[in-house]
>>> print(open('query-v4.txt').read())   # compact mmCIF, C-alpha atoms
# COMPACT_ATOMS: atom_id res chain seq x y z
CA MET A 1 -88.21 -30.37 37.66
CA LEU A 2 -89.74 -31.59 34.45
CA ASP A 3 -92.03 -34.57 34.72
CA ILE A 4 -90.35 -36.27 31.75
CA LEU A 5 -87.09 -36.49 33.68
CA LYS A 6 -88.39 -37.97 36.92
CA GLY A 7 -87.88 -41.49 38.14
CA ARG A 8 -84.43 -42.02 36.64
CA GLY A 9 -81.48 -43.83 38.17
CA ALA A 10 -78.04 -42.41 38.87
CA ASN A 11 -76.69 -43.64 35.54
CA GLY A 12 -79.51 -42.08 33.52
CA SER A 13 -81.52 -45.29 33.13
CA ASN A 14 -85.27 -45.33 33.65
CA GLY A 15 -86.03 -48.70 32.13
CA GLU A 16 -86.29 -47.23 28.65
CA LYS A 17 -83.64 -46.09 26.23
CA ALA A 18 -83.32 -42.40 25.53
CA GLY A 19 -85.51 -41.40 22.61
CA GLU A 20 -88.01 -44.25 23.00
CA LYS A 21 -91.70 -43.89 23.72
CA VAL A 22 -92.08 -44.56 27.44
CA GLY A 23 -95.80 -45.13 27.56
CA LEU A 24 -99.19 -44.03 26.28
CA GLY A 25 -99.77 -40.30 26.66
CA THR A 26 -96.15 -39.50 27.49
CA THR A 27 -93.38 -37.93 25.47
CA ARG A 28 -90.00 -39.41 24.80
CA ARG A 29 -87.04 -38.13 26.77
CA PRO A 30 -84.39 -36.32 24.70
CA VAL A 31 -80.87 -37.70 24.57
CA ILE A 32 -78.76 -35.39 26.74
CA GLY A 33 -75.04 -35.01 26.11
CA LEU A 34 -72.45 -33.43 28.40
CA ALA A 35 -69.23 -31.99 26.92
CA LEU A 36 -66.59 -31.38 29.60
CA GLY A 37 -63.68 -29.08 28.76
CA GLY A 38 -60.04 -29.13 29.83
CA GLY A 39 -58.37 -27.08 32.54
CA ALA A 40 -56.32 -29.33 34.86
CA ALA A 41 -57.20 -28.70 38.55
CA ARG A 42 -60.07 -26.46 37.49
CA GLY A 43 -61.74 -29.68 36.38
CA PHE A 44 -63.00 -30.21 39.92
CA ALA A 45 -65.69 -27.69 38.96
CA HIS A 46 -67.07 -30.41 36.66
CA ILE A 47 -67.97 -32.43 39.75
CA GLY A 48 -70.18 -29.65 41.06
CA ILE A 49 -71.79 -29.32 37.63
CA ILE A 50 -72.54 -33.03 37.27
CA ARG A 51 -73.93 -33.40 40.76
CA THR A 52 -76.17 -30.34 40.38
CA LEU A 53 -77.55 -31.50 37.03
CA ILE A 54 -78.33 -34.98 38.35
CA ALA A 55 -79.89 -33.59 41.54
CA ASN A 56 -82.31 -31.68 39.31
CA GLY A 57 -83.21 -34.67 37.15
CA ILE A 58 -80.93 -33.76 34.24
CA VAL A 59 -78.93 -36.95 33.81
CA PRO A 60 -76.63 -37.15 30.77
CA ASP A 61 -76.87 -40.14 28.44
CA VAL A 62 -73.64 -39.20 26.62
CA VAL A 63 -70.51 -37.84 28.31
CA VAL A 64 -67.53 -36.64 26.29
CA GLY A 65 -64.47 -35.05 27.84
CA THR A 66 -61.16 -33.47 26.93
CA SER A 67 -58.14 -33.56 29.25
CA ILE A 68 -59.38 -33.24 32.86
CA GLY A 69 -62.89 -33.33 31.40
CA ALA A 70 -62.12 -36.85 30.19
CA VAL A 71 -60.92 -37.81 33.69
CA VAL A 72 -64.04 -36.50 35.45
CA GLY A 73 -66.34 -37.77 32.70
CA GLY A 74 -64.78 -41.23 32.69
CA LEU A 75 -64.94 -41.55 36.45
CA HIS A 76 -68.57 -40.43 36.43
CA ALA A 77 -69.43 -42.94 33.70
CA ALA A 78 -67.67 -45.66 35.72
CA GLY A 79 -69.51 -44.67 38.91
CA ARG A 80 -66.28 -43.68 40.68
CA LEU A 81 -66.54 -39.92 40.85
CA ASP A 82 -66.61 -40.04 44.67
CA THR A 83 -63.10 -41.50 44.65
CA PHE A 84 -61.70 -38.55 42.71
CA GLU A 85 -63.54 -36.06 44.90
CA ASP A 86 -62.27 -37.71 48.09
CA TRP A 87 -58.71 -37.62 46.74
CA GLY A 88 -58.99 -33.91 46.00
CA ARG A 89 -60.41 -33.12 49.43
CA SER A 90 -57.58 -35.10 51.06
CA LEU A 91 -54.90 -32.82 49.59
CA GLN A 92 -53.91 -30.28 52.24
CA GLY A 93 -51.61 -28.05 50.21
CA MET A 94 -49.05 -27.74 47.44
CA ARG A 95 -46.71 -30.06 49.32
CA ASN A 96 -49.13 -32.93 48.66
CA ILE A 97 -49.27 -32.01 44.98
CA LEU A 98 -45.47 -32.08 44.71
CA GLY A 99 -45.54 -35.67 45.89
CA TYR A 100 -47.32 -36.66 42.67
CA LEU A 101 -44.83 -34.91 40.38
CA ASP A 102 -42.37 -37.62 39.40
CA ILE A 103 -39.99 -35.31 37.53
CA ARG A 104 -37.56 -36.94 35.13
CA LEU A 105 -34.89 -35.59 32.82
CA ASN A 106 -35.24 -38.12 30.03
CA GLY A 107 -38.05 -39.20 27.79
CA SER A 108 -40.57 -36.94 26.04
CA GLY A 109 -42.15 -35.27 29.07
CA LEU A 110 -40.99 -33.49 32.24
CA LEU A 111 -43.25 -35.70 34.37
CA GLY A 112 -43.44 -39.46 34.26
CA GLY A 113 -47.08 -39.38 35.27
CA GLU A 114 -46.98 -42.85 36.81
CA LYS A 115 -48.12 -41.72 40.26
CA LEU A 116 -51.19 -39.99 38.87
CA ALA A 117 -51.92 -42.92 36.56
CA THR A 118 -51.71 -45.32 39.49
CA ARG A 119 -54.36 -43.32 41.38
CA LEU A 120 -56.66 -43.42 38.38
CA GLU A 121 -56.12 -47.13 37.85
CA GLU A 122 -56.94 -47.77 41.50
CA ALA A 123 -60.23 -45.95 40.91
CA VAL A 124 -61.40 -47.57 37.65
CA GLY A 125 -59.30 -50.73 37.48
CA GLN A 126 -59.44 -52.51 34.13
CA ALA A 127 -62.87 -51.11 33.20
CA LEU A 128 -63.51 -50.84 29.45
CA ILE A 129 -65.23 -47.89 27.82
CA GLU A 130 -67.56 -50.17 25.89
CA ASP A 131 -68.77 -51.76 29.15
CA LEU A 132 -69.69 -48.49 30.88
CA PRO A 133 -73.40 -47.96 31.70
CA ILE A 134 -73.51 -44.69 29.74
CA LYS A 135 -71.91 -43.68 26.45
CA PHE A 136 -68.46 -42.11 26.98
CA ALA A 137 -65.63 -40.82 24.82
CA ALA A 138 -62.32 -39.11 25.55
CA VAL A 139 -60.77 -36.71 23.04
CA ALA A 140 -57.04 -36.86 22.27
CA THR A 141 -54.69 -35.57 19.57
CA GLU A 142 -52.43 -37.74 17.44
CA VAL A 143 -48.79 -36.67 17.39
CA ARG A 144 -47.38 -35.76 13.95
CA THR A 145 -50.70 -35.84 12.07
CA GLY A 146 -52.72 -33.58 14.39
CA HIS A 147 -55.76 -35.84 13.95
CA GLU A 148 -58.56 -35.50 16.49
CA ILE A 149 -59.02 -38.95 18.04
CA TRP A 150 -62.21 -40.03 19.84
CA LEU A 151 -61.42 -42.88 22.21
CA THR A 152 -64.62 -44.91 22.44
CA ARG A 153 -63.29 -48.36 23.31
CA GLY A 154 -60.49 -49.89 25.35
CA ARG A 155 -59.39 -49.25 28.92
CA VAL A 156 -60.89 -46.17 30.54
CA VAL A 157 -57.63 -45.31 32.32
CA ASP A 158 -55.67 -45.35 29.04
CA ALA A 159 -58.17 -43.01 27.41
CA MET A 160 -57.91 -40.62 30.37
CA ARG A 161 -54.11 -40.59 30.29
CA ALA A 162 -54.00 -39.93 26.55
CA SER A 163 -56.53 -37.12 26.81
CA TYR A 164 -54.61 -35.20 29.52
CA ALA A 165 -51.07 -35.83 28.21
CA LEU A 166 -50.10 -32.16 27.95
CA PRO A 167 -47.17 -31.96 25.49
CA GLY A 168 -43.87 -31.29 27.22
CA ILE A 169 -45.31 -32.04 30.65
CA PHE A 170 -46.48 -35.63 30.16
CA ALA A 171 -45.15 -38.12 27.64
CA PRO A 172 -47.42 -39.17 24.76
CA VAL A 173 -49.49 -42.30 25.33
CA LEU A 174 -49.47 -45.16 22.84
CA ILE A 175 -52.94 -46.56 22.13
CA GLY A 176 -53.19 -49.00 19.28
CA ASP A 177 -50.63 -47.75 16.76
CA ARG A 178 -51.08 -44.04 17.55
CA TRP A 179 -49.11 -41.78 19.89
CA LEU A 180 -51.61 -39.48 21.56
CA VAL A 181 -51.43 -36.24 23.55
CA ASP A 182 -53.86 -33.76 25.12
CA GLY A 183 -57.12 -33.39 23.22
CA ALA A 184 -57.31 -29.67 24.04
CA LEU A 185 -54.89 -29.08 21.18
CA VAL A 186 -57.75 -29.70 18.74
CA ASN A 187 -61.07 -29.73 20.65
CA PRO A 188 -60.96 -28.19 24.15
CA VAL A 189 -64.75 -28.41 24.71
CA PRO A 190 -65.91 -31.41 22.63
CA VAL A 191 -69.43 -30.40 21.62
CA SER A 192 -69.07 -31.95 18.17
CA ALA A 193 -68.15 -35.35 19.62
CA ALA A 194 -71.19 -35.34 21.92
CA ARG A 195 -73.49 -34.60 18.98
CA ALA A 196 -71.88 -37.29 16.85
CA LEU A 197 -72.48 -39.83 19.62
CA GLY A 198 -76.19 -39.17 19.52
CA ALA A 199 -76.85 -36.26 21.88
CA GLU A 200 -79.91 -34.20 20.94
CA ILE A 201 -79.22 -31.57 23.57
CA VAL A 202 -75.59 -30.77 24.38
CA ILE A 203 -74.69 -29.09 27.65
CA ALA A 204 -71.07 -27.90 27.56
CA ALA A 205 -68.83 -26.86 30.45
CA ASN A 206 -66.04 -24.42 29.56
CA LEU A 207 -63.44 -23.88 32.29
CA SER A 208 -61.45 -21.18 30.48
CA SER A 209 -64.14 -18.58 29.79
CA ASP A 210 -62.77 -16.03 32.28
CA ILE A 211 -59.03 -16.66 32.06
CA PHE A 212 -58.62 -13.99 29.41
CA THR A 213 -60.79 -11.07 28.39
CA HIS A 214 -60.80 -9.83 24.81
CA SER A 215 -57.29 -10.08 23.38
CA THR A 216 -55.48 -6.98 22.24
CA THR A 217 -52.27 -5.88 20.56
CA ILE A 218 -49.59 -3.82 22.31
CA TYR A 219 -48.40 -1.57 19.49
CA SER A 220 -45.44 0.04 21.21
CA HIS A 221 -43.14 -1.64 23.67
CA GLY A 222 -39.43 -1.72 24.32
CA ALA A 223 -36.76 -2.96 26.66
CA MET A 224 -36.68 -1.96 30.31
CA PRO A 225 -33.47 -0.58 31.90
CA ALA A 226 -30.97 -3.37 32.41
CA PRO A 227 -31.11 -4.73 35.97
CA VAL A 228 -28.03 -4.90 38.13
CA ALA A 229 -26.64 -8.42 38.06
CA VAL A 230 -26.66 -10.11 41.46
CA VAL A 231 -24.57 -13.19 42.11
CA PRO A 232 -26.69 -15.63 44.11
CA GLU A 233 -25.21 -16.78 47.39
CA VAL A 234 -25.34 -20.33 48.60
CA SER A 235 -27.30 -20.16 51.83
CA THR A 236 -25.79 -21.31 55.12
CA ALA A 237 -28.57 -23.88 55.42
CA LYS A 238 -27.75 -25.31 52.02
CA ARG A 239 -24.05 -25.60 52.92
CA ARG A 240 -24.78 -27.26 56.26
CA PHE A 241 -27.65 -29.52 55.17
CA PRO A 242 -26.99 -30.40 51.51
CA ARG A 243 -29.11 -33.56 51.65
CA PHE A 244 -32.25 -31.43 52.10
CA PHE A 245 -31.52 -29.72 48.78
CA SER A 246 -31.65 -32.74 46.51
CA PRO A 247 -31.61 -32.42 42.71
CA GLU A 248 -35.26 -33.52 42.64
CA LYS A 249 -36.33 -30.74 45.01
CA THR A 250 -34.27 -28.25 43.05
CA MET A 251 -35.97 -29.39 39.85
CA LYS A 252 -39.39 -28.93 41.44
CA ARG A 253 -38.48 -25.38 42.41
CA GLU A 254 -37.36 -24.74 38.86
CA PHE A 255 -40.55 -26.37 37.62
CA PHE A 256 -42.77 -23.88 39.46
CA GLY A 257 -40.40 -20.89 39.41
CA GLY A 258 -40.11 -18.21 42.06
CA GLY A 259 -38.95 -14.73 42.88
CA GLY A 260 -41.04 -13.21 40.12
CA ARG A 261 -39.50 -15.46 37.48
CA PRO A 262 -41.85 -17.91 35.76
CA GLY A 263 -40.93 -21.57 35.98
CA ILE A 264 -41.03 -24.13 33.19
CA SER A 265 -44.53 -25.19 34.13
CA SER A 266 -45.99 -21.69 34.25
CA VAL A 267 -44.53 -20.76 30.88
CA MET A 268 -45.90 -23.90 29.25
CA VAL A 269 -49.27 -23.67 30.99
CA ASP A 270 -49.71 -19.98 30.15
CA ALA A 271 -48.86 -20.69 26.53
CA PHE A 272 -51.28 -23.59 26.51
CA ASN A 273 -53.98 -21.43 28.13
CA ILE A 274 -53.65 -18.82 25.40
CA MET A 275 -53.83 -21.43 22.67
CA GLN A 276 -56.74 -23.26 24.29
CA ASP A 277 -58.67 -20.01 24.74
CA ARG A 278 -58.33 -19.14 21.04
CA ILE A 279 -59.25 -22.65 19.89
CA THR A 280 -62.22 -22.84 22.27
CA ARG A 281 -63.65 -19.56 21.01
CA ALA A 282 -63.34 -20.72 17.41
CA ARG A 283 -64.79 -24.19 18.01
CA LEU A 284 -67.73 -22.96 20.09
CA ALA A 285 -68.51 -20.27 17.53
CA GLY A 286 -68.62 -22.84 14.74
CA ASP A 287 -70.46 -25.55 16.69
CA PRO A 288 -72.13 -23.97 19.73
CA PRO A 289 -73.71 -26.14 22.43
CA ASP A 290 -77.38 -25.84 23.27
CA LEU A 291 -76.44 -24.69 26.77
CA LEU A 292 -73.06 -23.44 28.00
CA ILE A 293 -72.02 -23.57 31.65
CA THR A 294 -69.07 -21.31 32.51
CA PRO A 295 -67.74 -21.59 36.07
CA ARG A 296 -65.73 -18.53 37.10
CA VAL A 297 -62.53 -20.41 37.90
CA GLY A 298 -59.93 -18.37 36.02
CA GLN A 299 -58.26 -17.35 39.29
CA PHE A 300 -57.35 -20.98 40.04
CA GLY A 301 -54.07 -22.40 38.78
CA TRP A 302 -53.62 -25.62 36.85
CA PHE A 303 -51.95 -27.29 39.83
CA ASP A 304 -54.37 -26.10 42.52
CA PHE A 305 -55.76 -29.59 43.07
CA HIS A 306 -55.73 -28.94 46.83
CA ARG A 307 -58.43 -26.28 46.31
CA SER A 308 -60.95 -28.86 45.13
CA GLU A 309 -63.66 -27.84 47.59
CA ASP A 310 -63.76 -24.26 46.29
CA LEU A 311 -63.67 -25.44 42.68
CA ILE A 312 -66.56 -27.87 43.21
CA ALA A 313 -68.57 -25.03 44.79
CA HIS A 314 -67.92 -22.80 41.76
CA GLY A 315 -69.14 -25.57 39.48
CA THR A 316 -72.27 -26.02 41.57
CA ARG A 317 -73.12 -22.32 41.42
CA ALA A 318 -72.51 -22.16 37.67
CA ALA A 319 -74.81 -25.13 37.06
CA GLU A 320 -77.50 -23.66 39.30
CA ARG A 321 -77.43 -20.44 37.27
CA ALA A 322 -78.01 -22.45 34.09
CA LEU A 323 -80.77 -24.77 35.35
CA ASP A 324 -83.74 -22.74 34.10
CA SER A 325 -82.26 -22.43 30.62
CA ILE A 326 -81.42 -26.15 30.48
CA GLN A 327 -84.88 -27.23 31.57
CA GLU A 328 -86.47 -24.82 29.11
CA ALA A 329 -84.42 -26.28 26.25
CA ILE A 330 -85.41 -29.81 27.24
CA HIS A 331 -89.05 -28.75 27.46
CA VAL A 332 -88.95 -27.23 23.96
CA LEU A 333 -87.43 -30.37 22.46
CA ALA A 334 -89.76 -32.78 24.26
CA PRO A 335 -92.99 -30.94 25.22
CA PRO A 336 -95.45 -32.63 27.57
CA PRO A 337 -98.40 -34.51 26.04
CA GLU A 338 -101.54 -32.64 25.10
CA GLY A 339 -103.91 -32.09 27.98
CA ALA A 340 -101.19 -32.55 30.62
CA ALA A 341 -101.34 -30.23 33.58
CA PRO A 342 -98.66 -27.53 33.42
CA THR A 343 -95.60 -28.15 35.61
CA ALA A 344 -93.89 -25.66 37.89
CA GLN A 345 -91.44 -24.79 35.12
CA GLU A 346 -94.23 -23.82 32.75
>>> encode(input="query-v4.txt", output="structure tokens")
Amino acid sequence: MLDILKGRGANGSNGEKAGEKVGLGTTRRPVIGLALGGGAARGFAHIGIIRTLIANGIVPDVVVGTSIGAVVGGLHAAGRLDTFEDWGRSLQGMRNILGYLDIRLNGSGLLGGEKLATRLEEAVGQALIEDLPIKFAAVATEVRTGHEIWLTRGRVVDAMRASYALPGIFAPVLIGDRWLVDGALVNPVPVSAARALGAEIVIAANLSSDIFTHSTTIYSHGAMPAPVAVVPEVSTAKRRFPRFFSPEKTMKREFFGGGGRPGISSVMVDAFNIMQDRITRARLAGDPPDLLITPRVGQFGWFDFHRSEDLIAHGTRAAERALDSIQEAIHVLAPPPEGAAPTAQE
């Protein structure tokens, strides 16, 4: 661990502001920014990343998140990350996840999102972004204009909801006079926002690096032989116990699909994954972070919230692999004072 990072609190405070001289013969600490990307349930990997960085003295001064990255980043900034982790560990299977899907057939989204929003509000209450102990921003997209919106003031829970409002799944969120949806439409891994908010070193976490390999074009393809049409039978159980086959349960089955046929959610999520992958590659190529952490979580689905323990472990391992590179970058930006004894990292 670098000497310049020792003696700091959990929120990144060490009695001096980042970038200030902290005493005679010492070197200022660089401003560290953390850019957390989107990925729904895969966002639990962010918890493992944050905890590993902090355990090794690398405490971010600026946290910017998109979609689930905004949720994890906001909860971390508010000191309530344990609440989210405990909730994830309490989920025992997909049945628990279904309980949070308040499907509706009207409005501008398939899910009302009120149950999830209630859980977040219980965690952060009425906390305001401007009152958080560290600098935080959530990235969202304005409907109609496509503007990239950085939410840097107002209620934390509202910023989270706007940032993860996946079009078609969740309804847009009105903040001020703007209708906002998922920020991954414009900036899936918000490195640029972290830099703009003062970060000198930006550590980015990309949750979609291994979902797709290099894209290709299928030059020749045609229709398969027509399948034999099969008229579905109404099962005996459904005839005898119709109340157990409610419209809501039927809608949830349609939502997830089955029998080899993709459901509404999988079609939308796969399409969004493809789009997010292309945008992420372009954005990171144009504005690369100083360090990139890439948990191998492509095998996890967007709704696998009940697999939080595995996801956190993947994030931990990814951060551990990047520690040497991160500490080296910090050392280059803020070298120790002349005459100081070399540290273990040197």
>>> closest_residue(input="query-v4.txt", among="A:Thr141, A:Thr316, A:Thr294, A:Gln126", to="A:Arg155", atoms="only C-alpha atoms")
A:Gln126
>>> atom_distance(input="query-v4.txt", atom1="atom CA of A:Gly69", atom2="atom CA of A:Asp182")
11.0 Å
>>> closest_residue(input="query-v4.txt", among="A:His314, A:Thr118, A:Ile129, A:Leu291", to="A:Glu328", atoms="only C-alpha atoms")
A:Leu291
>>> closest_residue(input="query-v4.txt", among="A:Ala194, A:Ala171, A:Leu75, A:Met275", to="A:Asp61", atoms="all atoms listed in the file")
A:Ala194
>>> closest_atom_pairs(input="query-v4.txt", of="stretch 271-326 of chain A", to="stretch 79-86 of chain A", cutoff="9 Å", atoms="only C-alpha atoms", output="JSON lines")
{"residue": "A:Ser308", "atom": "CA", "partner": "A:Glu85", "partner_atom": "CA", "distance": 7.7}
{"residue": "A:Glu309", "atom": "CA", "partner": "A:Glu85", "partner_atom": "CA", "distance": 8.6}
{"residue": "A:Ile312", "atom": "CA", "partner": "A:Glu85", "partner_atom": "CA", "distance": 8.9}
>>> closest_residue(input="query-v4.txt", among="A:Arg144, A:His221, A:Arg29, A:His76", to="A:Arg51", atoms="all atoms listed in the file")
A:His76
>>> atom_distance(input="query-v4.txt", atom1="atom CA of A:Pro60", atom2="atom CA of A:Trp87")
24.0 Å
>>> atom_distance(input="query-v4.txt", atom1="atom CA of A:Ala205", atom2="atom CA of A:Val59")
14.7 Å
>>> residues_around(input="query-v4.txt", residues="A:Gly37", least_positions_apart="2", cutoff="7 Å", atoms="only C-alpha atoms", output="VMD selection string")
chain A and resid 35 39 65 to 66 69 188 to 190 205 to 207
>>> residues_around(input="query-v4.txt", residues="A:Gly74", least_positions_apart="4", cutoff="12 Å", atoms="all atoms listed in the file", output="JSON, numbers by chain")
{"A": [34, 35, 36, 46, 47, 62, 63, 64, 65, 66, 67, 68, 69, 70, 78, 79, 80, 81, 84, 120, 121, 123, 124, 125, 127, 128, 129, 130, 131, 132, 133, 134, 135, 136, 137, 138, 139, 151, 152, 153, 155, 156, 157, 158, 159, 160, 161, 163]}
>>> write_last_selection(input="query-v4.txt", atoms="C-alpha atoms", output="compact mmCIF listing (two decimals), in the coordinates of the input")
# COMPACT_ATOMS: atom_id res chain seq x y z
CA LEU A 34 -72.45 -33.43 28.40
CA ALA A 35 -69.23 -31.99 26.92
CA LEU A 36 -66.59 -31.38 29.60
CA HIS A 46 -67.07 -30.41 36.66
CA ILE A 47 -67.97 -32.43 39.75
CA VAL A 62 -73.64 -39.20 26.62
CA VAL A 63 -70.51 -37.84 28.31
CA VAL A 64 -67.53 -36.64 26.29
CA GLY A 65 -64.47 -35.05 27.84
CA THR A 66 -61.16 -33.47 26.93
CA SER A 67 -58.14 -33.56 29.25
CA ILE A 68 -59.38 -33.24 32.86
CA GLY A 69 -62.89 -33.33 31.40
CA ALA A 70 -62.12 -36.85 30.19
CA ALA A 78 -67.67 -45.66 35.72
CA GLY A 79 -69.51 -44.67 38.91
CA ARG A 80 -66.28 -43.68 40.68
CA LEU A 81 -66.54 -39.92 40.85
CA PHE A 84 -61.70 -38.55 42.71
CA LEU A 120 -56.66 -43.42 38.38
CA GLU A 121 -56.12 -47.13 37.85
CA ALA A 123 -60.23 -45.95 40.91
CA VAL A 124 -61.40 -47.57 37.65
CA GLY A 125 -59.30 -50.73 37.48
CA ALA A 127 -62.87 -51.11 33.20
CA LEU A 128 -63.51 -50.84 29.45
CA ILE A 129 -65.23 -47.89 27.82
CA GLU A 130 -67.56 -50.17 25.89
CA ASP A 131 -68.77 -51.76 29.15
CA LEU A 132 -69.69 -48.49 30.88
CA PRO A 133 -73.40 -47.96 31.70
CA ILE A 134 -73.51 -44.69 29.74
CA LYS A 135 -71.91 -43.68 26.45
CA PHE A 136 -68.46 -42.11 26.98
CA ALA A 137 -65.63 -40.82 24.82
CA ALA A 138 -62.32 -39.11 25.55
CA VAL A 139 -60.77 -36.71 23.04
CA LEU A 151 -61.42 -42.88 22.21
CA THR A 152 -64.62 -44.91 22.44
CA ARG A 153 -63.29 -48.36 23.31
CA ARG A 155 -59.39 -49.25 28.92
CA VAL A 156 -60.89 -46.17 30.54
CA VAL A 157 -57.63 -45.31 32.32
CA ASP A 158 -55.67 -45.35 29.04
CA ALA A 159 -58.17 -43.01 27.41
CA MET A 160 -57.91 -40.62 30.37
CA ARG A 161 -54.11 -40.59 30.29
CA SER A 163 -56.53 -37.12 26.81
>>> closest_residue(input="query-v4.txt", among="A:Ile201, A:Leu311, A:Val181, A:Ile50", to="A:Thr145", atoms="all atoms listed in the file")
A:Val181
>>> residues_near_point(input="query-v4.txt", point="(-80.4, -21.7, 28.2)", cutoff="12 Å", atoms="all atoms listed in the file", output="compact mmCIF listing (two decimals) with C-alpha atoms, keeping the file's coordinate frame")
# COMPACT_ATOMS: atom_id res chain seq x y z
CA ILE A 201 -79.22 -31.57 23.57
CA VAL A 202 -75.59 -30.77 24.38
CA ILE A 203 -74.69 -29.09 27.65
CA ALA A 204 -71.07 -27.90 27.56
CA PRO A 289 -73.71 -26.14 22.43
CA ASP A 290 -77.38 -25.84 23.27
CA LEU A 291 -76.44 -24.69 26.77
CA LEU A 292 -73.06 -23.44 28.00
CA ILE A 293 -72.02 -23.57 31.65
CA ALA A 319 -74.81 -25.13 37.06
CA GLU A 320 -77.50 -23.66 39.30
CA ARG A 321 -77.43 -20.44 37.27
CA ALA A 322 -78.01 -22.45 34.09
CA LEU A 323 -80.77 -24.77 35.35
CA ASP A 324 -83.74 -22.74 34.10
CA SER A 325 -82.26 -22.43 30.62
CA ILE A 326 -81.42 -26.15 30.48
CA GLN A 327 -84.88 -27.23 31.57
CA GLU A 328 -86.47 -24.82 29.11
CA ALA A 329 -84.42 -26.28 26.25
CA ILE A 330 -85.41 -29.81 27.24
CA HIS A 331 -89.05 -28.75 27.46
CA VAL A 332 -88.95 -27.23 23.96
>>> closest_residue(input="query-v4.txt", among="A:Ala313, A:Ile58, A:Ala45, A:Ala196", to="A:Gly73", atoms="all atoms listed in the file")
A:Ala45
>>> residues_around(input="query-v4.txt", residues="A:Trp179", least_positions_apart="5", cutoff="8 Å", atoms="only C-alpha atoms", output="PyMOL selection string")
chain A and resi 142-143+172-174
>>> write_last_selection(input="query-v4.txt", atoms="C-alpha atoms", output="PDB file, in the coordinates of the input")
ATOM      1  CA  GLU A 142     -52.430 -37.740  17.440  1.00  0.00           C
ATOM      2  CA  VAL A 143     -48.790 -36.670  17.390  1.00  0.00           C
ATOM      3  CA  PRO A 172     -47.420 -39.170  24.760  1.00  0.00           C
ATOM      4  CA  VAL A 173     -49.490 -42.300  25.330  1.00  0.00           C
ATOM      5  CA  LEU A 174     -49.470 -45.160  22.840  1.00  0.00           C
TER       6      LEU A 174
END
>>> residues_around(input="query-v4.txt", residues="A:Arg42", least_positions_apart="6", cutoff="8 Å", atoms="only C-alpha atoms", output="PyMOL selection string")
chain A and resi 207+297+300-302+304-305+311
